[in-house]
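Asker: This is the content of work19.txt (compact mmCIF, C-alpha atoms and all ligand atoms):
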# COMPACT_ATOMS: atom_id res chain seq x y z
CA MET W 1 -16.09 -6.46 -9.94
CA ASN W 2 -15.07 -10.02 -9.15
CA GLN W 3 -11.75 -11.21 -7.81
CA PHE W 4 -10.43 -12.19 -11.26
CA ASP W 5 -11.04 -8.66 -12.55
CA ASP W 6 -9.44 -7.26 -9.39
CA SER W 7 -6.31 -9.30 -10.06
CA VAL W 8 -6.00 -8.07 -13.66
CA LEU W 9 -6.45 -4.48 -12.54
CA ILE W 10 -4.05 -4.76 -9.62
CA PHE W 11 -1.24 -6.62 -11.40
CA ASP W 12 -1.50 -4.26 -14.36
CA ALA W 13 -1.10 -1.26 -12.03
CA ILE W 14 1.87 -2.87 -10.25
CA GLN W 15 3.58 -3.76 -13.53
CA ARG W 16 3.06 -0.29 -15.00
CA ILE W 17 4.44 1.55 -12.00
CA HIS W 18 7.49 -0.69 -11.91
CA ALA W 19 8.14 0.11 -15.58
CA VAL W 20 7.87 3.86 -14.91
CA ALA W 21 10.21 3.52 -11.92
CA ASP W 22 12.64 1.45 -14.04
CA LEU W 23 12.27 -1.50 -11.67
CA PRO W 24 11.77 -5.09 -12.83
CA TRP W 25 8.44 -6.89 -12.36
CA PRO W 26 7.97 -9.73 -11.64
CA ILE W 27 10.83 -9.45 -9.16
CA PRO W 28 13.73 -11.49 -10.61
CA ALA W 29 15.20 -14.37 -8.64
CA ARG W 30 17.87 -13.02 -6.31
CA ARG W 31 19.67 -14.49 -3.37
CA ILE W 32 18.93 -11.48 -1.18
CA VAL W 33 15.30 -10.81 -0.34
CA GLU W 34 14.80 -7.06 -0.05
CA PRO W 35 11.91 -4.81 1.01
CA MET W 36 10.03 -3.12 -1.84
CA PRO W 37 11.68 0.28 -2.52
CA LEU W 38 8.48 2.28 -2.04
CA HIS W 39 10.34 5.60 -2.32
CA ARG W 40 11.21 4.81 -5.93
CA LEU W 41 7.61 4.01 -6.81
CA LEU W 42 6.40 7.23 -5.16
CA ALA W 43 9.05 9.25 -6.98
CA ALA W 44 7.96 7.72 -10.29
CA CYS W 45 4.42 9.03 -9.58
CA ARG W 46 5.73 12.39 -8.35
CA LEU W 47 4.07 11.70 -5.02
CA ALA W 48 5.67 13.23 -1.94
CA HIS W 49 5.41 11.38 1.35
CA GLU W 50 5.26 12.83 4.85
CA GLU W 51 4.93 11.11 8.20
CA VAL W 52 2.83 13.21 10.57
CA THR W 53 2.73 12.56 14.31
CA GLY W 54 -0.87 12.46 15.54
CA LEU W 55 -2.32 12.69 12.04
CA ASN W 56 -5.98 13.71 12.26
CA ARG W 57 -8.49 15.69 10.23
CA ALA W 58 -7.41 18.98 11.76
CA ALA W 59 -3.82 18.36 10.64
CA ILE W 60 -5.03 17.31 7.20
CA GLY W 61 -7.17 20.45 7.02
CA SER W 62 -4.03 22.54 7.57
CA TYR W 63 -2.23 20.71 4.78
CA LEU W 64 -5.25 21.22 2.51
CA GLU W 65 -5.19 24.96 3.16
CA ARG W 66 -1.56 24.96 2.14
CA TRP W 67 -2.55 23.28 -1.12
CA GLY W 68 -5.35 25.81 -1.72
CA VAL W 69 -8.26 23.60 -0.63
CA GLN W 70 -10.55 25.07 2.02
CA ARG W 71 -12.05 22.61 4.51
CA PRO W 72 -12.78 24.80 7.56
CA ASP W 73 -15.00 22.09 9.05
CA TRP W 74 -11.93 19.87 9.38
CA LEU W 75 -9.64 22.36 11.10
CA GLU W 76 -11.06 21.60 14.56
CA ASP W 77 -11.84 17.93 13.92
CA PRO W 78 -9.65 15.64 16.06
CA THR W 79 -10.79 12.43 14.32
CA PRO W 80 -7.62 10.34 13.80
CA SER W 81 -6.53 9.25 10.34
CA ILE W 82 -4.06 6.57 9.35
CA GLY W 83 -3.34 7.92 5.86
CA PHE W 84 -4.34 10.58 3.39
CA LEU W 85 -3.88 11.19 -0.33
CA PHE W 86 -3.92 14.55 -2.05
CA ALA W 87 -3.35 14.15 -5.78
CA ARG W 88 -3.41 16.24 -8.91
CA ALA W 89 -2.78 15.15 -12.49
CA ASN W 90 0.99 15.20 -12.20
CA ASP W 91 1.85 15.29 -8.53
CA GLY W 92 0.53 14.79 -5.04
CA THR W 93 1.31 13.99 -1.42
CA ILE W 94 0.69 11.01 0.83
CA LEU W 95 0.40 11.74 4.55
CA VAL W 96 0.92 8.83 6.93
CA ASN W 97 0.26 8.71 10.64
CA GLY W 98 3.72 8.65 12.22
CA ASP W 99 2.53 7.04 15.46
CA VAL W 100 2.35 3.50 14.08
CA SER W 101 5.17 1.02 13.42
CA LEU W 102 7.45 1.19 10.41
CA ASN W 103 5.82 -1.93 8.95
CA ARG W 104 2.36 -0.43 9.38
CA ARG W 105 3.46 2.89 7.87
CA ARG W 106 4.86 1.08 4.84
CA PHE W 107 1.59 -0.80 4.39
CA VAL W 108 -0.38 2.45 4.63
CA VAL W 109 1.84 4.04 1.97
CA ALA W 110 1.40 1.01 -0.32
CA HIS W 111 -2.38 1.01 0.29
CA THR W 112 -2.60 4.74 -0.50
CA LEU W 113 -0.44 4.33 -3.61
CA GLY W 114 -2.93 1.65 -4.62
CA HIS W 115 -5.80 4.11 -4.29
CA TYR W 116 -3.94 6.63 -6.44
CA LEU W 117 -3.10 4.19 -9.22
CA LEU W 118 -6.34 2.21 -9.21
CA HIS W 119 -8.93 4.83 -8.41
CA TYR W 120 -7.72 8.36 -9.16
CA ARG W 121 -4.80 8.74 -11.56
CA ALA W 122 -6.62 8.02 -14.83
CA ARG W 123 -9.42 10.45 -13.99
CA LEU W 124 -7.01 13.17 -12.92
CA GLN W 125 -4.86 12.82 -16.01
CA ALA W 126 -7.92 12.76 -18.28
CA ALA W 127 -8.98 16.14 -16.88
CA GLU W 128 -5.91 17.72 -18.53
CA ASP W 129 -5.92 20.77 -16.29
CA GLY W 130 -3.93 22.00 -13.35
CA THR W 131 -6.81 22.44 -10.96
CA THR W 132 -8.58 19.09 -10.69
CA PHE W 133 -7.56 17.22 -7.57
CA ALA W 134 -8.56 14.17 -5.57
CA VAL W 135 -8.47 13.55 -1.84
CA HIS W 136 -8.82 10.23 -0.05
CA GLU W 137 -8.73 9.75 3.70
CA ASP W 138 -8.25 6.39 5.40
CA LYS W 139 -9.19 5.51 8.94
CA GLY W 140 -7.16 2.77 10.55
CA ASP W 141 -9.91 0.20 10.14
CA SER W 142 -9.88 0.22 6.33
CA VAL W 143 -6.15 -0.47 6.00
CA ARG W 144 -5.84 -4.19 6.74
CA GLU W 145 -2.61 -6.09 6.19
CA ALA W 146 -3.83 -9.46 7.25
CA GLU W 147 -7.16 -10.06 5.60
CA GLY W 148 -7.73 -11.42 2.17
CA ALA W 149 -10.61 -10.33 0.00
CA GLY W 150 -12.47 -13.50 0.87
CA SER W 151 -12.50 -13.10 4.63
CA ASP W 152 -15.65 -12.07 6.46
CA LYS W 153 -14.09 -8.88 7.79
CA GLY W 154 -12.66 -8.09 4.36
CA LYS W 155 -16.16 -8.26 2.90
CA SER W 156 -17.27 -5.47 5.23
CA LEU W 157 -14.93 -3.09 3.41
CA SER W 158 -15.86 -1.21 0.26
CA GLU W 159 -14.59 -2.56 -3.05
CA THR W 160 -12.03 0.23 -3.36
CA GLU W 161 -10.64 -0.44 0.12
CA ARG W 162 -10.34 -4.15 -0.58
CA GLN W 163 -8.56 -3.40 -3.84
CA ALA W 164 -6.11 -1.03 -2.11
CA ASN W 165 -5.36 -3.67 0.54
CA ARG W 166 -4.85 -6.36 -2.11
CA PHE W 167 -2.59 -4.00 -4.07
CA ALA W 168 -0.45 -3.44 -0.96
CA ILE W 169 -0.25 -7.17 -0.17
CA GLU W 170 0.82 -8.06 -3.73
CA LEU W 171 3.27 -5.15 -3.82
CA LEU W 172 4.97 -5.66 -0.45
CA MET W 173 4.89 -9.48 -0.38
CA PRO W 174 5.27 -10.50 -4.04
CA GLU W 175 4.50 -14.14 -4.71
CA THR W 176 7.79 -14.76 -6.54
CA VAL W 177 9.82 -13.31 -3.67
CA CYS W 178 7.91 -15.31 -1.05
CA ARG W 179 8.34 -18.56 -3.00
CA LEU W 180 12.05 -18.03 -3.64
CA ALA W 181 12.78 -17.02 -0.05
CA CYS W 182 10.95 -20.06 1.32
CA GLN W 183 12.96 -22.32 -1.03
CA GLN W 184 16.23 -20.69 0.00
CA TYR W 185 15.56 -20.91 3.72
CA ALA W 186 14.35 -24.50 3.38
CA ALA W 187 17.59 -25.37 1.56
CA SER W 188 19.71 -23.90 4.37
CA PHE W 189 17.80 -24.62 7.56
CA ALA W 190 15.26 -26.97 9.04
CA VAL W 191 12.50 -24.40 8.81
CA SER W 192 9.22 -24.20 10.67
CA PRO W 193 6.26 -22.03 9.63
CA ARG W 194 7.04 -19.75 12.58
CA PHE W 195 10.61 -19.33 11.39
CA LEU W 196 9.49 -18.47 7.85
CA GLU W 197 6.87 -15.98 9.04
CA HIS W 198 9.33 -14.26 11.35
CA GLN W 199 12.21 -14.23 8.87
CA LEU W 200 10.28 -13.06 5.82
CA ALA W 201 8.35 -10.44 7.78
CA GLY W 202 11.74 -9.01 8.82
CA ASP W 203 13.18 -9.34 5.32
CA LEU W 204 10.28 -7.55 3.64
CA LEU W 205 9.39 -5.12 6.48
CA VAL W 206 5.82 -6.28 6.88
CA ASP W 207 3.71 -7.24 9.87
CA ARG W 208 4.27 -10.81 11.03
CA GLU W 209 0.57 -11.70 11.00
CA ALA W 210 0.33 -10.32 7.46
CA MET W 211 3.20 -12.58 6.39
CA ARG W 212 1.64 -15.57 8.13
CA ARG W 213 -1.56 -15.13 6.15
CA ARG W 214 0.29 -14.43 2.93
CA LEU W 215 2.38 -17.61 3.20
CA ARG W 216 -0.74 -19.61 3.99
CA SER W 217 -2.62 -18.14 1.05
CA LEU W 218 0.26 -19.16 -1.23
CA SER W 219 0.29 -22.66 0.38
CA LEU W 220 3.90 -22.10 1.50
CA THR W 221 3.24 -23.01 5.15
ZN ZN I 301 -8.06 3.04 1.74
Before we go any further, please render this structure as structure tokens.
Answerer:
Amino acid sequence: MNQFDDSVLIFDAIQRIHAVADLPWPIPARRIVEPMPLHRLLAACRLAHEEVTGLNRAAIGSYLERWGVQRPDWLEDPTPSIGFLFARANDGTILVNGDVSLNRRRFVVAHTLGHYLLHYRARLQAAEDGTTFAVHEDKGDSVREAEGAGSDKGKSLSETERQANRFAIELLMPETVCRLACQQYAASFAVSPRFLEHQLAGDLLVDREAMRRRLRSLSLT
């Protein structure tokens, strides 16, 4: 799938989930730039969300047992995970490693929501039963805030991981919000790129390097 097709797929998923959550998309022009209300999007998908200190395969294995999925080989596996999705047709849970920063945790949640909407939900809902489920585990290396699909490192990721990262970038740093905020700050202050990166990263609760790359990709700095 090329980048044009990715964009259609990703923006369609973002627009649909906003409609279900009764949130506007594109984000309307507002004076106050606010972080994406991820909890409302998760609620619209009936996805629970838990932050787990020291999340690893063993911890995930315990959660899976609770959900009726036996993975005994995982119960002693200390391999760390950054995020995990367990989803059925009409509900599911996202586990996030609680040891990373708030901004990183939000990006992991957005990335995992992207996997659910782009890669699993249609198949689960088509199954029309209560037993089909999907699981997706992410290691830290696949969840990348600061790399576009065209970067060398981005190319080393699978297509689905790149799509989930792009979904999270477009969701957490919407183009309309970035453009409006840059205009507003420029109208009020003598702004430098560093100021914009710092300010918008704080406004939208994203990593500063991620915002730097996002503003550059939109030719705003
Ligand atoms: Zn992923």
Asker: Using only C-alpha atoms, can you tell me which of W:Ser219, W:Thr53, W:Thr176, W:Gln125 comes closest to W:Ser81?
Answerer: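 So, comparing all the options, the nearest one is W:Thr53.
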Asker: How far is it from atom CA of W:Val33 to atom CA of W:Gln183, in Å with one decimal?
Answerer: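 One can read the atom CA of W:Val33 to atom CA of W:Gln183 distance as 11.8 Å.
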Asker: Considering only C-alpha atoms and all ligand atoms, give me a table of residues in chain W that are at most 7 Å from ligand ZN 301 (chain I), with the closest atom pair and distance in Å for each, as JSON lines.
Answerer:
{"residue": "W:His111", "atom": "CA", "partner": "I:ZN301", "partner_atom": "ZN", "distance": 6.2}
{"residue": "W:Thr112", "atom": "CA", "partner": "I:ZN301", "partner_atom": "ZN", "distance": 6.1}
{"residue": "W:His115", "atom": "CA", "partner": "I:ZN301", "partner_atom": "ZN", "distance": 6.5}
{"residue": "W:Asp138", "atom": "CA", "partner": "I:ZN301", "partner_atom": "ZN", "distance": 5.0}
{"residue": "W:Ser142", "atom": "CA", "partner": "I:ZN301", "partner_atom": "ZN", "distance": 5.7}
{"residue": "W:Val143", "atom": "CA", "partner": "I:ZN301", "partner_atom": "ZN", "distance": 5.8}
{"residue": "W:Glu161", "atom": "CA", "partner": "I:ZN301", "partner_atom": "ZN", "distance": 4.6}
{"residue": "W:Ala164", "atom": "CA", "partner": "I:ZN301", "partner_atom": "ZN", "distance": 5.9}
Asker: What does the file look like for those residues with C-alpha atoms, as a short mmCIF file (atom, residue, chain, number, x, y, z; two decimals), keeping the file's coordinate frame?
Answerer:
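Just written: part33.cif:
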data_model
loop_
_atom_site.label_atom_id
_atom_site.label_comp_id
_atom_site.auth_asym_id
_atom_site.auth_seq_id
_atom_site.Cartn_x
_atom_site.Cartn_y
_atom_site.Cartn_z
CA HIS W 111 -2.38 1.01 0.29
CA THR W 112 -2.60 4.74 -0.50
CA HIS W 115 -5.80 4.11 -4.29
CA ASP W 138 -8.25 6.39 5.40
CA SER W 142 -9.88 0.22 6.33
CA VAL W 143 -6.15 -0.47 6.00
CA GLU W 161 -10.64 -0.44 0.12
CA ALA W 164 -6.11 -1.03 -2.11
#
Asker: Set the distance at 7 Å and use all atoms listed in the file: which residues neighbour W:Arg46 once local chain neighbours fewer than 4 positions away are removed? I'd like the list as a PyMOL selection string.
Answerer: chain W and resi 42+90-92
Asker: Taking all listed atoms of stretch 172-188 of chain W, build the axis-aligned box, pad each of the six sides by 8 Å, then write its centre and edge lengths in Å to one decimal as lines of an AutoDock Vina configuration file.
Answerer:
center_x = 12.1
center_y = -15.5
center_z = -1.1
size_x = 31.2
size_y = 35.7
size_z = 26.9
Asker: Find the residues near W:Leu215: any atom within 9 Å, counting only C-alpha atoms, skip ones fewer than 6 places away on the same chain, and give them as a list in words.
Answerer: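 That gives Glu175, Cys178, Arg179, Pro193, Leu196, Glu197 and Thr221 of chain W.
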Asker: Generate the output file for the selected residues, C-alpha atoms, as an mmCIF file, keeping the file's coordinate frame.
Answerer:
data_model
loop_
_atom_site.group_PDB
_atom_site.id
_atom_site.type_symbol
_atom_site.label_atom_id
_atom_site.label_comp_id
_atom_site.auth_asym_id
_atom_site.auth_seq_id
_atom_site.Cartn_x
_atom_site.Cartn_y
_atom_site.Cartn_z
ATOM 1 C CA GLU W 175 4.500 -14.140 -4.710
ATOM 2 C CA CYS W 178 7.910 -15.310 -1.050
ATOM 3 C CA ARG W 179 8.340 -18.560 -3.000
ATOM 4 C CA PRO W 193 6.260 -22.030 9.630
ATOM 5 C CA LEU W 196 9.490 -18.470 7.850
ATOM 6 C CA GLU W 197 6.870 -15.980 9.040
ATOM 7 C CA THR W 221 3.240 -23.010 5.150
#
Asker: Measure the distance from atom CA of W:Gly114 to atom CA of W:Ile169 in Å and round it to one decimal.
Answerer: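 Going from atom CA of W:Gly114 over to atom CA of W:Ile169, I get 10.2 Å.
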Asker: In Å, with one decimal, what is the gap from atom CA of W:Met36 to atom CA of W:Glu51?
Answerer: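 A separation of 18.1 Å between them.
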Asker: Pick the closest to W:Asp207 from W:Leu102, W:Ala181, W:Leu220, W:Ala187: which is it, counting all atoms listed in the file?
Answerer: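 That would be W:Leu102, the residue with the smallest distance to W:Asp207.
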Asker: Which residue, W:Cys45, W:Leu9, W:Leu38, W:Val96, has the smallest gap to W:Tyr116 when you use all atoms listed in the file?
Answerer: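 Smallest separation from W:Tyr116 among the options: W:Cys45.
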Asker: From the set W:Phe189, W:Phe133, W:Phe11, W:Phe107, which residue has the shortest atom-to-atom contact distance to W:Leu64, counting only C-alpha atoms?
Answerer: W:Phe133
Asker: The residues within 7 Å of (13.3, -19.1, 7.4), using only C-alpha atoms and the coordinates of the file, should be reported as a list in words; which are they?
Answerer: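 Within 7 Å of (13.3, -19.1, 7.4), the protein and nucleic acid residues are Cys182, Tyr185, Ala186, Val191, Phe195, Leu196, Gln199 and Leu200 of chain W.
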Asker: Taking all atoms listed in the file into account, name the residue in W:Arg57, W:His18, W:Lys139, W:Arg106 that is nearest to W:Arg40.
Answerer: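 Distance minimum relative to W:Arg40 lands on W:His18.
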Asker: Give me, as a short mmCIF file (atom, residue, chain, number, x, y, z; two decimals) with C-alpha atoms, keeping the file's coordinate frame, all polymer residues having an atom no more than 7 Å from W:Leu95, counting only C-alpha atoms and skipping those fewer than 5 positions away in the same chain.
Answerer:
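Okay, this is what ended up in part-v2.cif:
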data_model
loop_
_atom_site.label_atom_id
_atom_site.label_comp_id
_atom_site.auth_asym_id
_atom_site.auth_seq_id
_atom_site.Cartn_x
_atom_site.Cartn_y
_atom_site.Cartn_z
CA HIS W 49 5.41 11.38 1.35
CA GLU W 50 5.26 12.83 4.85
CA GLU W 51 4.93 11.11 8.20
CA VAL W 52 2.83 13.21 10.57
CA GLY W 83 -3.34 7.92 5.86
CA PHE W 84 -4.34 10.58 3.39
CA LEU W 85 -3.88 11.19 -0.33
#
Asker: Which one of W:Val8, W:Ala21, W:Gly202, W:Arg162 sits closest to W:Ala43 if you count all atoms listed in the file?
Answerer: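 Ranking W:Val8, W:Ala21, W:Gly202, W:Arg162 by distance to W:Ala43, first place goes to W:Ala21.
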Asker: If I put a ball of radius 12 Å at (-2.4, 23.9, -0.8) in the file's coordinates, which residues poke into it when counting only C-alpha atoms, written as an MDAnalysis selection string?
Answerer: chainID W and resid 60:71 86:88 92:93 131 133
